[in-house]
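Chemist: Take a look at run.txt, compact mmCIF, C-alpha atoms:
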# COMPACT_ATOMS: atom_id res chain seq x y z
CA MET D 292 84.77 82.04 82.66
CA SER D 293 84.24 79.85 85.70
CA GLU D 294 84.21 81.21 89.24
CA GLN D 295 87.24 80.32 91.37
CA HIS D 296 87.00 77.70 94.12
CA PHE D 297 88.96 78.09 97.32
CA ASP D 298 90.57 75.25 99.23
CA TYR D 299 90.65 77.03 102.58
CA PRO D 300 88.60 75.05 105.11
CA GLU D 301 88.61 77.92 107.60
CA VAL D 302 86.76 80.26 105.24
CA THR D 303 83.04 79.72 105.72
CA PHE D 304 81.66 81.53 102.68
CA HIS D 305 82.96 83.80 99.96
CA PRO D 306 81.82 87.31 99.12
CA ASP D 307 79.88 87.58 95.90
CA HIS D 308 82.24 88.68 93.13
CA SER D 309 79.94 87.97 90.21
CA GLY D 310 79.29 91.66 89.51
CA GLY D 311 80.82 93.55 86.61
CA THR D 312 83.44 96.31 86.59
CA GLY D 313 80.87 99.10 86.76
CA LYS D 314 81.47 99.84 90.43
CA ILE D 315 85.25 99.99 89.94
CA TRP D 316 84.94 102.62 87.21
CA LYS D 317 82.39 104.53 89.24
CA ILE D 318 84.87 104.77 92.13
CA PHE D 319 87.61 105.79 89.69
CA TRP D 320 85.49 108.79 88.68
CA VAL D 321 84.65 109.57 92.31
CA LEU D 322 88.37 109.60 93.20
CA SER D 323 89.20 111.72 90.15
CA VAL D 324 86.52 114.30 90.90
CA LEU D 325 87.53 114.52 94.58
CA THR D 326 91.17 115.02 93.52
CA ILE D 327 90.19 117.74 91.05
CA ILE D 328 88.21 119.55 93.78
CA GLU D 329 91.23 119.29 96.10
CA LEU D 330 93.49 120.72 93.40
CA ALA D 331 91.02 123.54 92.73
CA LEU D 332 90.99 124.44 96.44
CA GLY D 333 94.80 124.22 96.58
CA TYR D 334 95.02 126.53 93.56
CA PHE D 335 92.51 128.88 95.20
CA LEU D 336 94.83 129.10 98.25
CA TYR D 337 97.77 129.83 95.93
CA VAL D 338 95.99 132.56 93.95
CA LYS D 339 94.56 134.20 97.09
CA HIS D 340 97.82 133.87 99.04
CA GLY D 341 98.14 136.74 101.51
CA GLU D 342 94.58 138.01 100.88
CA LEU D 343 92.66 135.46 102.95
CA GLY D 344 92.28 135.63 106.71
CA TYR D 345 93.64 132.97 109.03
CA ASN D 346 90.26 131.28 109.48
CA ALA D 347 89.49 131.22 105.75
CA VAL D 348 92.81 129.51 105.02
CA LEU D 349 92.36 127.07 107.91
CA SER D 350 88.82 126.10 106.91
CA THR D 351 89.84 125.59 103.25
CA LYS D 352 92.63 123.31 104.43
CA ILE D 353 90.21 121.40 106.66
CA VAL D 354 87.87 120.89 103.67
CA ILE D 355 90.82 119.52 101.67
CA GLY D 356 91.60 117.18 104.59
CA VAL D 357 88.02 115.89 104.73
CA LEU D 358 88.06 115.24 100.95
CA THR D 359 91.30 113.26 101.49
CA LEU D 360 89.59 111.13 104.14
CA ALA D 361 86.72 110.50 101.70
CA LYS D 362 89.25 109.31 99.08
CA ALA D 363 90.86 107.04 101.67
CA TYR D 364 87.45 105.58 102.54
CA TYR D 365 86.67 104.71 98.91
CA ILE D 366 90.11 103.18 98.28
CA VAL D 367 89.95 100.98 101.41
CA SER D 368 86.28 100.05 101.16
CA VAL D 369 85.98 99.33 97.43
CA PHE D 370 89.45 98.89 95.91
CA MET D 371 90.79 96.90 98.87
CA HIS D 372 87.39 95.14 99.28
CA LEU D 373 87.36 95.75 103.04
CA GLY D 374 83.69 96.68 102.68
CA ASP D 375 83.00 93.09 101.51
CA GLU D 376 84.49 91.51 104.63
CA ILE D 377 82.49 90.62 107.74
CA ARG D 378 82.00 93.18 110.47
CA ASN D 379 84.34 91.50 113.00
CA PHE D 380 87.23 91.83 110.59
CA ILE D 381 86.47 95.41 109.56
CA MET D 382 86.48 96.39 113.24
CA THR D 383 89.90 94.85 113.96
CA ILE D 384 91.35 97.07 111.23
CA VAL D 385 89.39 100.27 111.78
CA VAL D 386 89.22 100.49 115.59
CA PRO D 387 93.01 100.64 116.23
CA LEU D 388 93.25 103.47 113.69
CA VAL D 389 91.15 105.61 116.04
CA LEU D 390 94.45 106.13 117.93
CA PHE D 391 95.33 108.56 115.15
CA VAL D 392 92.74 111.01 116.49
CA TRP D 393 94.66 111.40 119.75
CA PHE D 394 97.99 111.13 117.98
CA ILE D 395 97.32 114.04 115.61
CA ILE D 396 95.70 116.36 118.17
CA ALA D 397 98.39 115.79 120.83
CA PHE D 398 101.42 116.22 118.59
CA LEU D 399 100.21 119.19 116.55
CA ALA D 400 99.23 120.95 119.80
CA ASP D 401 102.70 120.17 121.11
CA GLY D 402 104.34 121.70 118.04
CA ASN D 403 102.15 124.78 118.33
CA SER D 404 102.99 125.18 122.02
CA TRP D 405 106.68 124.89 121.21
CA LYS D 406 106.34 127.76 118.73
CA ASN D 407 104.53 129.95 121.27
CA LEU D 408 107.14 129.26 123.95
CA ARG D 409 109.94 130.23 121.59
CA ASN D 410 108.21 133.38 120.32
CA THR D 411 107.57 134.58 123.87
CA ASN D 412 110.79 133.31 125.48
CA ALA D 413 108.72 130.81 127.49
CA GLY D 414 106.16 133.46 128.43
CA SER D 415 108.60 136.12 129.65
CA ARG D 416 107.73 138.57 126.85
CA LYS D 417 104.83 139.29 124.52
CA ALA D 418 104.64 137.57 121.16
CA PRO D 419 105.32 139.83 118.14
CA THR D 420 101.98 140.92 116.65
CA GLU D 421 102.88 139.89 113.08
CA GLN D 422 104.41 136.52 113.59
CA VAL D 423 102.71 134.02 111.32
CA GLU D 424 104.08 134.92 107.90
CA GLY D 425 107.08 136.86 106.78
CA GLN D 426 109.06 136.25 109.93
CA PRO D 427 112.54 134.85 109.36
CA ALA D 428 112.56 131.21 110.45
CA GLU D 429 115.33 129.88 112.61
CA ALA D 430 117.56 127.45 110.76
CA THR D 431 118.25 125.21 113.72
CA HIS D 432 115.86 122.33 113.11
CA MET Q 88 80.82 99.86 104.91
CA GLY Q 89 78.21 97.36 103.78
CA THR Q 90 78.78 93.90 105.22
CA THR Q 91 77.94 90.60 103.58
CA ALA Q 92 74.87 88.79 104.92
CA ILE Q 93 75.99 86.27 107.57
CA PRO Q 94 74.20 82.90 107.95
CA ALA Q 95 72.15 82.99 111.16
CA GLY Q 96 73.60 81.18 114.16
CA THR Q 97 77.18 81.00 112.81
CA LYS Q 98 79.54 80.20 115.70
CA TRP Q 99 82.66 82.15 114.72
CA TRP Q 100 84.79 81.42 117.78
CA SER Q 101 84.23 77.67 118.32
CA GLY Q 102 87.23 76.58 116.25
CA GLY Q 103 87.74 75.08 112.80
CA LYS Q 104 86.96 78.27 110.92
CA SER Q 105 88.40 81.75 110.65
CA PRO Q 106 86.42 84.05 112.95
CA PHE Q 107 87.05 86.73 110.35
CA ASN Q 108 86.00 84.54 107.41
CA VAL Q 109 89.35 85.37 105.78
CA ASN Q 110 92.31 83.04 105.43
CA TYR Q 111 95.52 83.51 107.39
CA GLY Q 112 97.62 85.10 104.61
CA LYS Q 113 95.10 87.83 103.90
CA VAL Q 114 94.55 88.60 107.61
CA MET Q 115 98.29 89.00 108.09
CA MET Q 116 98.60 91.22 104.99
CA TRP Q 117 95.94 93.49 106.49
CA TYR Q 118 97.69 93.61 109.85
CA PHE Q 119 101.01 94.34 108.18
CA LEU Q 120 99.39 97.20 106.27
CA MET Q 121 97.86 98.52 109.47
CA SER Q 122 101.28 98.58 111.15
CA ASP Q 123 102.71 100.25 108.05
CA ALA Q 124 99.94 102.85 108.27
CA PHE Q 125 101.12 103.66 111.79
CA THR Q 126 104.71 103.98 110.54
CA PHE Q 127 103.71 106.43 107.82
CA GLY Q 128 101.33 108.15 110.22
CA ALA Q 129 104.12 108.66 112.74
CA PHE Q 130 106.38 110.14 110.05
CA LEU Q 131 103.70 112.53 108.82
CA ILE Q 132 102.68 113.58 112.33
CA SER Q 133 106.32 114.20 113.25
CA TYR Q 134 106.57 116.38 110.13
CA GLY Q 135 103.40 118.21 111.16
CA THR Q 136 104.72 118.80 114.68
CA ILE Q 137 107.93 120.43 113.44
CA ARG Q 138 105.99 122.41 110.83
CA PHE Q 139 103.63 123.73 113.53
CA SER Q 140 106.60 124.68 115.74
CA VAL Q 141 108.17 127.22 113.36
CA ASN Q 142 106.92 130.60 112.20
CA HIS Q 143 107.60 130.11 108.51
CA TRP Q 144 107.49 126.90 106.49
CA ALA Q 145 108.28 126.31 102.81
CA ASP Q 146 105.32 127.18 100.56
CA PRO Q 147 104.67 124.07 98.40
CA ASN Q 148 103.41 126.26 95.54
CA HIS Q 149 106.89 127.78 95.29
CA VAL Q 150 108.89 124.60 95.92
CA PHE Q 151 106.96 122.33 93.54
CA ASN Q 152 106.16 124.61 90.60
CA ALA Q 153 108.24 122.99 87.87
CA PHE Q 154 107.31 120.61 85.06
CA PRO Q 155 109.63 118.60 82.80
CA PHE Q 156 110.55 120.41 79.55
CA ALA Q 157 108.68 123.53 80.71
CA GLY Q 158 111.82 125.45 81.58
CA HIS Q 159 111.25 128.01 84.33
CA ALA Q 160 107.48 128.33 83.79
CA ASN Q 161 105.62 128.72 87.09
CA LEU Q 162 103.23 125.74 87.22
CA PRO Q 163 102.22 125.04 90.82
CA LEU Q 164 100.40 121.72 91.48
CA ALA Q 165 100.75 120.59 87.85
CA PHE Q 166 103.41 117.90 88.14
CA VAL Q 167 102.11 116.43 91.38
CA SER Q 168 98.62 116.21 89.81
CA LEU Q 169 100.14 114.12 87.05
CA MET Q 170 101.80 111.84 89.64
CA THR Q 171 98.53 111.53 91.57
CA PHE Q 172 96.51 110.57 88.52
CA ILE Q 173 99.14 108.04 87.44
CA LEU Q 174 98.81 106.35 90.84
CA ILE Q 175 94.99 106.45 90.86
CA PHE Q 176 94.93 104.93 87.40
CA SER Q 177 97.36 102.16 88.32
CA SER Q 178 95.13 101.44 91.32
CA VAL Q 179 92.18 100.99 88.96
CA THR Q 180 94.13 98.60 86.71
CA MET Q 181 95.17 96.64 89.83
CA VAL Q 182 91.60 96.23 91.06
CA LEU Q 183 90.61 95.18 87.51
CA ALA Q 184 93.35 92.50 87.67
CA VAL Q 185 91.87 91.26 90.98
CA HIS Q 186 88.44 91.25 89.34
CA GLU Q 187 89.69 89.13 86.42
CA GLY Q 188 91.30 86.82 88.99
CA HIS Q 189 87.93 86.27 90.67
CA HIS Q 190 86.67 85.07 87.30
CA MET Q 191 89.73 82.84 86.70
CA ASN Q 192 90.57 84.79 83.52
CA ARG Q 193 94.36 84.43 83.17
CA LYS Q 194 94.67 86.64 80.06
CA GLY Q 195 92.78 89.43 81.78
CA VAL Q 196 94.98 89.24 84.89
CA GLU Q 197 98.11 89.38 82.73
CA LYS Q 198 96.89 92.42 80.79
CA TYR Q 199 95.96 94.45 83.88
CA MET Q 200 99.11 93.44 85.81
CA ILE Q 201 101.23 94.75 82.92
CA LEU Q 202 99.31 98.05 82.96
CA THR Q 203 99.75 98.31 86.74
CA ILE Q 204 103.50 97.71 86.46
CA ILE Q 205 103.75 100.41 83.76
CA GLY Q 206 101.86 102.83 86.04
CA GLY Q 207 104.24 102.10 88.92
CA LEU Q 208 107.30 102.66 86.75
CA ALA Q 209 105.83 105.91 85.41
CA PHE Q 210 105.29 107.15 88.97
CA LEU Q 211 108.86 106.24 89.97
CA SER Q 212 110.21 108.07 86.90
CA CYS Q 213 108.25 111.18 87.90
CA GLN Q 214 109.64 110.99 91.40
CA ALA Q 215 113.20 110.58 90.10
CA TRP Q 216 112.76 113.71 87.99
CA GLU Q 217 111.33 115.70 90.89
CA TRP Q 218 114.12 114.73 93.28
CA THR Q 219 116.75 115.56 90.67
CA HIS Q 220 115.13 118.91 90.05
CA LEU Q 221 115.18 119.81 93.77
CA LEU Q 222 118.64 118.42 94.51
CA THR Q 223 120.24 120.25 91.60
CA GLY Q 224 118.14 123.43 91.83
CA GLU Q 225 119.86 126.81 92.26
CA HIS Q 226 118.27 129.32 94.64
CA VAL Q 227 119.79 132.43 96.19
CA ALA Q 228 119.30 132.39 99.96
CA LEU Q 229 120.72 134.03 103.07
CA LEU Q 230 123.24 131.72 104.72
CA SER Q 231 123.85 131.42 108.46
CA ASP Q 232 127.05 133.53 108.19
CA GLY Q 233 125.08 136.51 106.86
CA THR Q 234 126.19 136.15 103.23
CA LEU Q 235 124.13 135.19 100.21
CA GLY Q 236 124.74 131.82 98.58
CA VAL Q 237 123.37 129.65 95.78
CA ILE Q 238 121.91 126.53 97.38
CA PRO Q 239 119.77 123.54 96.30
CA THR Q 240 117.06 121.76 98.34
CA THR Q 241 118.72 118.91 100.23
CA VAL Q 242 118.55 117.37 103.71
CA LYS Q 243 121.10 120.01 104.78
CA ALA Q 244 119.94 123.10 102.86
CA ASN Q 245 116.54 124.76 102.48
CA PRO Q 246 116.33 127.93 100.38
CA TRP Q 247 112.55 128.27 100.92
CA GLY Q 248 112.39 130.82 103.74
CA ALA Q 249 110.56 134.15 103.75
CA ASP Q 250 111.55 136.77 101.14
CA LEU Q 251 114.46 139.08 101.97
CA SER Q 252 113.75 142.80 102.04
CA HIS Q 253 115.77 145.01 99.68
CA THR Q 254 117.94 146.41 102.50
CA GLU Q 255 118.58 142.95 103.97
CA MET Q 256 119.63 141.77 100.53
CA LEU Q 257 121.98 144.72 99.97
CA SER Q 258 123.74 144.25 103.30
CA ALA Q 259 124.09 140.50 102.66
CA LEU Q 260 125.52 141.19 99.21
CA GLN Q 261 128.14 143.51 100.74
CA LYS Q 262 129.32 140.68 103.01
CA SER Q 263 129.42 138.05 100.25
CA SER Q 264 132.71 136.93 98.71
CA HIS Q 265 133.70 137.39 95.06
CA GLU Q 266 133.03 133.69 94.28
CA GLN Q 267 129.56 133.90 95.84
CA LEU Q 268 128.73 137.05 93.84
CA VAL Q 269 129.87 135.41 90.59
CA ALA Q 270 127.73 132.34 91.40
CA ILE Q 271 124.70 134.55 92.14
CA ALA Q 272 125.21 136.64 88.97
CA SER Q 273 125.40 133.50 86.82
CA THR Q 274 121.96 132.35 88.09
CA LEU Q 275 120.36 135.57 86.80
CA HIS Q 276 120.30 134.43 83.19
CA HIS Q 277 118.37 131.18 83.23
CA GLY Q 278 119.32 129.16 80.21
CA ALA Q 279 121.29 131.93 78.51
CA GLU Q 280 125.02 131.18 78.40
CA VAL Q 281 126.99 133.81 80.25
CA ALA Q 282 130.76 133.50 79.92
CA HIS Q 283 132.13 132.69 83.37
CA GLU Q 284 135.29 134.69 82.64
CA SER Q 285 133.35 137.85 81.86
CA LEU Q 286 131.77 137.66 85.34
CA THR Q 287 134.94 136.81 87.28
CA SER Q 288 136.72 139.79 85.71
CA LEU Q 289 134.18 142.18 87.26
CA THR Q 290 134.80 143.80 90.65
CA ASN Q 291 132.54 143.11 93.64
CA ALA Q 292 130.86 146.53 93.29
CA GLU Q 293 130.16 145.91 89.59
CA LEU Q 294 128.74 142.46 90.36
CA ILE Q 295 126.48 143.84 93.12
CA ASN Q 296 125.28 146.54 90.73
CA LYS Q 297 124.56 143.93 88.06
CA ILE Q 298 122.72 141.69 90.56
CA THR Q 299 120.52 144.42 92.05
CA SER Q 300 119.64 145.95 88.69
CA ALA Q 301 118.53 142.50 87.45
CA GLY Q 302 115.98 142.34 90.27
CA LEU Q 303 117.38 139.36 92.18
CA HIS Q 304 114.84 137.30 94.14
CA ALA Q 305 116.46 136.14 97.39
CA THR Q 306 115.05 134.49 100.49
CA HIS Q 307 115.97 133.62 104.04
CA SER Q 308 117.09 130.03 104.58
CA GLY Q 309 114.17 127.92 105.79
CA PRO Q 310 114.17 125.27 108.52
CA ILE Q 311 116.51 122.52 107.33
CA ALA Q 312 114.04 119.89 108.61
CA PHE Q 313 112.06 120.46 105.40
CA GLY Q 314 114.46 118.51 103.19
CA GLY Q 315 114.85 115.66 105.68
CA TYR Q 316 111.10 115.21 105.99
CA PHE Q 317 110.38 115.62 102.29
CA PHE Q 318 113.08 113.27 101.03
CA GLY Q 319 112.61 110.90 103.97
CA ILE Q 320 108.85 110.46 103.61
CA THR Q 321 108.56 110.59 99.80
CA GLY Q 322 111.62 108.30 99.68
CA PHE Q 323 110.00 105.80 102.05
CA HIS Q 324 106.85 105.94 99.97
CA GLY Q 325 108.84 105.65 96.74
CA PHE Q 326 110.57 102.56 98.14
CA HIS Q 327 107.14 101.05 98.80
CA VAL Q 328 106.20 101.79 95.19
CA PHE Q 329 109.44 100.21 94.02
CA SER Q 330 108.93 97.04 96.08
CA GLY Q 331 105.29 96.98 94.91
CA VAL Q 332 106.45 97.03 91.28
CA VAL Q 333 108.88 94.16 92.00
CA ILE Q 334 106.11 92.11 93.68
CA ASN Q 335 103.76 92.88 90.79
CA ILE Q 336 106.37 91.65 88.31
CA VAL Q 337 106.80 88.41 90.29
CA MET Q 338 103.02 87.93 90.34
CA TYR Q 339 102.81 88.63 86.61
CA ILE Q 340 105.41 85.92 85.96
CA LYS Q 341 103.59 83.45 88.24
CA THR Q 342 100.32 84.21 86.42
CA LYS Q 343 102.01 83.71 83.07
CA LEU Q 344 103.41 80.35 84.25
CA GLY Q 345 99.91 79.24 85.22
CA HIS Q 346 100.66 78.78 88.94
CA PHE Q 347 97.36 80.32 90.04
CA ASP Q 348 95.36 78.27 87.54
CA GLN Q 349 96.90 75.15 89.09
CA ARG Q 350 95.98 76.33 92.59
CA GLY Q 351 92.44 77.00 91.49
CA HIS Q 352 92.35 80.58 92.75
CA TYR Q 353 94.04 83.96 92.28
CA GLU Q 354 94.23 84.98 95.92
CA MET Q 355 97.90 85.97 95.61
CA ILE Q 356 96.79 88.67 93.16
CA GLU Q 357 94.33 89.89 95.81
CA LYS Q 358 97.07 90.13 98.46
CA THR Q 359 99.40 91.90 96.01
CA GLY Q 360 96.52 94.22 95.20
CA LEU Q 361 96.07 95.06 98.90
CA TYR Q 362 99.71 96.15 99.07
CA TRP Q 363 99.47 98.16 95.87
CA HIS Q 364 96.29 99.97 96.97
CA PHE Q 365 97.95 100.76 100.28
CA VAL Q 366 100.75 102.50 98.37
CA ASP Q 367 98.11 104.60 96.62
CA LEU Q 368 96.41 105.25 99.98
CA VAL Q 369 99.63 106.55 101.53
CA TRP Q 370 100.20 108.81 98.55
CA VAL Q 371 96.78 110.39 99.13
CA PHE Q 372 98.07 111.57 102.53
CA VAL Q 373 101.58 112.49 101.36
CA PHE Q 374 99.95 114.54 98.58
CA LEU Q 375 97.81 116.29 101.20
CA CYS Q 376 100.59 117.03 103.70
CA PHE Q 377 103.42 118.07 101.37
CA TYR Q 378 101.78 119.52 98.27
CA LEU Q 379 98.28 120.76 99.02
CA VAL Q 380 98.30 122.42 102.45
Can the structure in the file be given as structure tokens, please?
Modeler:
Amino acid sequence: MSEQHFDYPEVTFHPDHSGGTGKIWKIFWVLSVLTIIELALGYFLYVKHGELGYNAVLSTKIVIGVLTLAKAYYIVSVFMHLGDEIRNFIMTIVVPLVLFVWFIIAFLADGNSWKNLRNTNAGSRKAPTEQVEGQPAEATH
Amino acid sequence: MGTTAIPAGTKWWSGGKSPFNVNYGKVMMWYFLMSDAFTFGAFLISYGTIRFSVNHWADPNHVFNAFPFAGHANLPLAFVSLMTFILIFSSVTMVLAVHEGHHMNRKGVEKYMILTIIGGLAFLSCQAWEWTHLLTGEHVALLSDGTLGVIPTTVKANPWGADLSHTEMLSALQKSSHEQLVAIASTLHHGAEVAHESLTSLTNAELINKITSAGLHATHSGPIAFGGYFFGITGFHGFHVFSGVVINIVMYIKTKLGHFDQRGHYEMIEKTGLYWHFVDLVWVFVFLCFYLV
């Protein structure tokens, strides 16, 4: 098996691809294990439904979210070989994605505020004490 | 991320070379994928905003608890785990195809492209089954006119609201028409054939008695946005998988015809691989937002 030769004059040097498939399989197992942990936590939430407090449910969901970000990192860095590119290029891809931090915080807060306004008639009455679960949802959305 | 060692004194921005050390096609594939990430991100954040704005949302463990050939067994997370592992595995076969391409091994590229295509088709088949199951499902839910009806999960109907109390259910049953009561009664015997005539001949009071004694499980209607977001986002993702499979088939044929051997490199396989891994990447987030939390 001979290594490939590129004809692109604008590419200065090529990343070293002479390694074996060991790293690929290692990342496969990492992704599988992370997925299994996520599923176990999801199943934990299902089994304990209604027994856990608000903060316990929220923190379990945050852990699942962090595991998802770890999976995304491994897929992009190793499977998509972004980790083998030069730093300038990695930054042009990763830096714009930072917008998502604002995007997620702003819009979820907006949705939450919308719920509070509706439950309290825009602040004119107190919110029902038991409002998170078991309340009939309005079918107008 | 670990970066490759850069020769000292390289002048990236003085012309004649790519400042990113990547050729044009690959740079543009990355930028396309970044824009696509924002599209999917906007969809998922919009979904999250609406979900945060209502008091009760569909519980994924109740909506997605079915498995092919398992009848009415309650198996939360099982089917979507299968779909997730199919996609992870097809991602591995894709990166192995890219790896064989780096070593100019045409037979290896062909083998792993075929496996990737099979994985993509398996995922699409799973999604087709899941959609069919939801769109043709039968669930008893409180309708907006105060009666009980048998409804599926579509972009216009969502039977996944909070549970009805016994008194709420009784009063809704009283308001329901004869046809609605017959439809509800015929859902009580999953699988077992109940003669339609034997139900229609019963009076409303007899039907209500039959329904309540069978322990009917009924719910409020949920926010109808659920179906639109679920079918919209998984459909958009499924269309990406579909187009990815088509592109993979084209690349398989081009490999088979020896086009990349003539060019002296398999970079097209790398670019196809980027798209395919992106599809897997999006699924990681769809899986999180719709099925896990």
Chemist: Just want the 10 Å neighbourhood of Asn410 in chain D, counted on only C-alpha atoms, with same-chain residues fewer than 3 positions away dropped. Output as a VMD selection string.
Modeler: (chain D and resid 404 to 407 413 to 419 422) or (chain Q and resid 140 to 142)
Chemist: Residues of chain Q no more than 7 Å from chain D, counting all atoms listed in the file: send them over as an MDAnalysis selection string.
Modeler: chainID Q and resid 88:91 103:105 107:110 121 132 135:137 139:143 148 179 182 189:192 248:249 307:312 351:352 361 364 368 371 379:380
Chemist: Considering all atoms listed in the file, can you say which of Q:Cys376, Q:Ile336, Q:Val114, Q:Met355 comes closest to Ile204 in chain Q?
Modeler: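 Closest residue, counting all atoms listed in the file: Q:Ile336.
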Chemist: Find the residues around range 151-166 of chain Q up to 10 Å (only C-alpha atoms counted), leave out those fewer than 4 positions away in its own chain, and share them as a ChimeraX atom specification.
Modeler: /D:330-331,333-334,337 /Q:146-147,170-171,213-214,216-217,220-221,277-278,377-379
